[in-house]
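Enquirer: Have a look at this one before I ask anything.
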Amino acid sequence: MSGNITFTIIKPGAVAHEHIGDILKMISEAGFWTAAMKYVKLSPGQASYFYDVHRGKPFFDGLVDFMTSGPILVAILERENAVEAYRKLIGNTDPAKAEPGTIRKLFAESIQRNAVHGSDSDINARKEADFFFSKSERFDRHGNFLELVP
Ligand code: CMP
């Protein structure tokens with residue numbers, strides 16, 4: 001069964017270019033409930049931990065530099081089949097390959113400065129959501145604390 005949450009980051013470039021409002025509108029219109037949301041500025045240690053799976057790749061240092069260059073907006077999104085639905089909404093990692101009308105096609109500057117992050121699996125959605133939000137910061141559509149199911 002597919003999980004009902006995914007985790008997203010609106011990255012420094014999209015925050016600096018004031019695309020937050022447009023991106024959140026697209027998220028809401030696609031049927032997602034924003035269960036948690038806040039601004040943070042990552043330290044190099046936090047960004048390296050978050051992107052640990054990419055450590056050693058040629059783009060890793062540039063990715064950490066970019067992700068620590070300014071504030072980001074982090075959020076937990078709830079919807080049926082959330083991971084797959086959100087990946088469809090944001091489009092390919094490389095904006096040059098993203099479908100028209102997707103968030104990355106509309107707002108990404110390059111594959112590195114690609115506007116948003118979206119979890120790639122239910123397990124990672126849970127891990128990423130837990131990294132940024134405690135239980136008292138997450139709410140379901142009825143205003144109750146959101147439990148993250150394994
Ligand atoms: P994201 O969804 O946040 O997950 C990992 C990030 O690494 C990805 O988006 C891109 O921003 C970045 N990335 C992946 N591949 C490349 C690449 N070939 N060159 C530069 N950055 C990349």
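Residue numbering restarts at 1 for every chain of the structure tokens, chains are lettered A, B, ... in their displayed order, and ligands are numbered from 1 as they appear.
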List all protein, DNA and RNA residues that have any atom at most 6 Å from ligand 1, counting only C-alpha atoms and all ligand atoms, and write the list as a list of chain:residue names.
Expert: A:Phe59, A:Thr93, A:Ile111, A:Gln112, A:Arg113, A:Asn114, A:His117, A:Gly118
Enquirer: Output as a list of chain:residue names all residues of range 8-50 of chain A that backbone DSSP marks as helix (DSSP H, G or I).
Expert: A:Pro12, A:Gly13, A:Ala14, A:Val15, A:Ala16, A:Ile20, A:Gly21, A:Asp22, A:Ile23, A:Leu24, A:Lys25, A:Met26, A:Ile27, A:Ser28, A:Glu29, A:Pro44, A:Gly45, A:Gln46, A:Ala47, A:Ser48, A:Tyr49, A:Phe50
Enquirer: Might you pull out every residue within 12 Å of Ala96 in chain A, with only C-alpha atoms counted and same-chain residues fewer than 6 positions away left off, and present them as an mmCIF file with all heavy atoms, in the first residue's frame?
Expert:
data_model
loop_
_atom_site.group_PDB
_atom_site.id
_atom_site.type_symbol
_atom_site.label_atom_id
_atom_site.label_comp_id
_atom_site.auth_asym_id
_atom_site.auth_seq_id
_atom_site.Cartn_x
_atom_site.Cartn_y
_atom_site.Cartn_z
ATOM 1 N N THR A 102 5.075 21.234 -14.978
ATOM 2 C CA THR A 102 5.555 20.744 -13.688
ATOM 3 C C THR A 102 6.290 21.867 -12.947
ATOM 4 O O THR A 102 6.724 22.854 -13.551
ATOM 5 C CB THR A 102 6.512 19.539 -13.868
ATOM 6 O OG1 THR A 102 7.619 19.939 -14.694
ATOM 7 C CG2 THR A 102 5.795 18.364 -14.511
ATOM 8 N N ARG A 104 9.215 21.942 -11.521
ATOM 9 C CA ARG A 104 10.614 22.163 -11.921
ATOM 10 C C ARG A 104 10.705 22.792 -13.306
ATOM 11 O O ARG A 104 11.578 23.627 -13.557
ATOM 12 C CB ARG A 104 11.392 20.853 -11.855
ATOM 13 C CG ARG A 104 11.746 20.480 -10.407
ATOM 14 C CD ARG A 104 12.346 19.121 -10.342
ATOM 15 N NE ARG A 104 12.902 18.803 -9.036
ATOM 16 C CZ ARG A 104 13.052 17.558 -8.604
ATOM 17 N NH1 ARG A 104 12.690 16.534 -9.350
ATOM 18 N NH2 ARG A 104 13.583 17.342 -7.414
ATOM 19 N N LYS A 105 9.817 22.421 -14.222
ATOM 20 C CA LYS A 105 9.851 23.052 -15.558
ATOM 21 C C LYS A 105 9.581 24.548 -15.417
ATOM 22 O O LYS A 105 10.206 25.371 -16.080
ATOM 23 C CB LYS A 105 8.813 22.384 -16.467
ATOM 24 C CG LYS A 105 8.796 22.926 -17.869
ATOM 25 C CD LYS A 105 10.175 22.833 -18.532
ATOM 26 C CE LYS A 105 10.244 21.800 -19.611
ATOM 27 N NZ LYS A 105 11.609 21.624 -20.153
ATOM 28 N N LEU A 106 8.660 24.887 -14.514
ATOM 29 C CA LEU A 106 8.271 26.299 -14.377
ATOM 30 C C LEU A 106 9.282 27.117 -13.577
ATOM 31 O O LEU A 106 9.510 28.289 -13.885
ATOM 32 C CB LEU A 106 6.897 26.388 -13.685
ATOM 33 C CG LEU A 106 5.707 25.916 -14.520
ATOM 34 C CD1 LEU A 106 4.472 25.747 -13.637
ATOM 35 C CD2 LEU A 106 5.415 26.913 -15.635
ATOM 36 N N PHE A 107 9.909 26.522 -12.534
ATOM 37 C CA PHE A 107 10.656 27.346 -11.579
ATOM 38 C C PHE A 107 12.127 26.970 -11.390
ATOM 39 O O PHE A 107 12.859 27.713 -10.733
ATOM 40 C CB PHE A 107 9.958 27.315 -10.212
ATOM 41 C CG PHE A 107 8.520 27.775 -10.275
ATOM 42 C CD1 PHE A 107 7.478 26.900 -10.016
ATOM 43 C CD2 PHE A 107 8.220 29.088 -10.612
ATOM 44 C CE1 PHE A 107 6.158 27.317 -10.092
ATOM 45 C CE2 PHE A 107 6.898 29.520 -10.692
ATOM 46 C CZ PHE A 107 5.867 28.629 -10.430
ATOM 47 N N ALA A 108 12.585 25.822 -11.923
ATOM 48 C CA ALA A 108 13.986 25.435 -11.714
ATOM 49 C C ALA A 108 14.904 26.235 -12.635
ATOM 50 O O ALA A 108 14.544 26.576 -13.759
ATOM 51 C CB ALA A 108 14.155 23.943 -11.976
ATOM 52 N N GLU A 109 16.122 26.489 -12.117
ATOM 53 C CA GLU A 109 17.123 27.210 -12.917
ATOM 54 C C GLU A 109 18.081 26.234 -13.592
ATOM 55 O O GLU A 109 18.644 26.529 -14.644
ATOM 56 C CB GLU A 109 17.922 28.157 -12.008
ATOM 57 C CG GLU A 109 17.054 29.184 -11.287
ATOM 58 C CD GLU A 109 17.751 29.735 -10.054
ATOM 59 O OE1 GLU A 109 18.694 30.535 -10.233
ATOM 60 O OE2 GLU A 109 17.387 29.353 -8.929
ATOM 61 N N SER A 110 18.307 25.070 -12.985
ATOM 62 C CA SER A 110 19.242 24.070 -13.513
ATOM 63 C C SER A 110 19.014 22.778 -12.726
ATOM 64 O O SER A 110 18.228 22.756 -11.777
ATOM 65 C CB SER A 110 20.688 24.530 -13.315
ATOM 66 O OG SER A 110 20.976 24.579 -11.926
ATOM 67 N N ILE A 111 19.748 21.708 -13.088
ATOM 68 C CA ILE A 111 19.589 20.436 -12.357
ATOM 69 C C ILE A 111 19.990 20.598 -10.894
ATOM 70 O O ILE A 111 19.404 19.983 -10.008
ATOM 71 C CB ILE A 111 20.374 19.289 -13.041
ATOM 72 C CG1 ILE A 111 20.012 17.934 -12.424
ATOM 73 C CG2 ILE A 111 21.859 19.536 -13.020
ATOM 74 C CD1 ILE A 111 20.516 16.736 -13.202
ATOM 75 N N GLN A 112 20.986 21.429 -10.610
ATOM 76 C CA GLN A 112 21.376 21.648 -9.213
ATOM 77 C C GLN A 112 20.403 22.612 -8.522
ATOM 78 O O GLN A 112 19.943 22.340 -7.418
ATOM 79 C CB GLN A 112 22.791 22.204 -9.128
ATOM 80 C CG GLN A 112 23.242 22.379 -7.689
ATOM 81 C CD GLN A 112 24.592 23.074 -7.594
ATOM 82 O OE1 GLN A 112 24.701 24.286 -7.719
ATOM 83 N NE2 GLN A 112 25.622 22.280 -7.401
ATOM 84 N N ASN A 114 17.243 23.227 -8.681
ATOM 85 C CA ASN A 114 16.032 22.708 -9.326
ATOM 86 C C ASN A 114 14.744 22.944 -8.535
ATOM 87 O O ASN A 114 13.805 22.155 -8.616
ATOM 88 C CB ASN A 114 16.215 21.226 -9.683
ATOM 89 C CG ASN A 114 16.356 20.331 -8.473
ATOM 90 O OD1 ASN A 114 16.492 20.834 -7.361
ATOM 91 N ND2 ASN A 114 16.305 19.030 -8.670
#
Enquirer: Could you please determine the separation between CA of Val15 in chain A and CA of Phe66 in chain A in Å, to one decimal place?
Expert: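 Distance between the two atoms: 12.3 Å.
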Enquirer: Find the spatial neighbours of Ser69 in chain A, counting only C-alpha atoms, within a cut-off of 12 Å - ignore same-chain residues fewer than 2 positions away - and output them as an MDAnalysis selection string.
Expert: chainID A and resid 11:16 40:44 47 62:67 71:72 113
Enquirer: For Lys25 in chain A, which residue among A:Thr8, A:Ile103, A:Val83, A:Asp122 is the nearest when counting only C-alpha atoms?
Expert: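 Counting only C-alpha atoms, the residue closest to Lys25 in chain A is A:Ile103.
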Enquirer: Taking into account only C-alpha atoms, which residue in the set A:Met26, A:Met37, A:Ala115, A:Ile90 is nearest to Leu77 in chain A?
Expert: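 So, comparing all the options, the nearest one is A:Met37.
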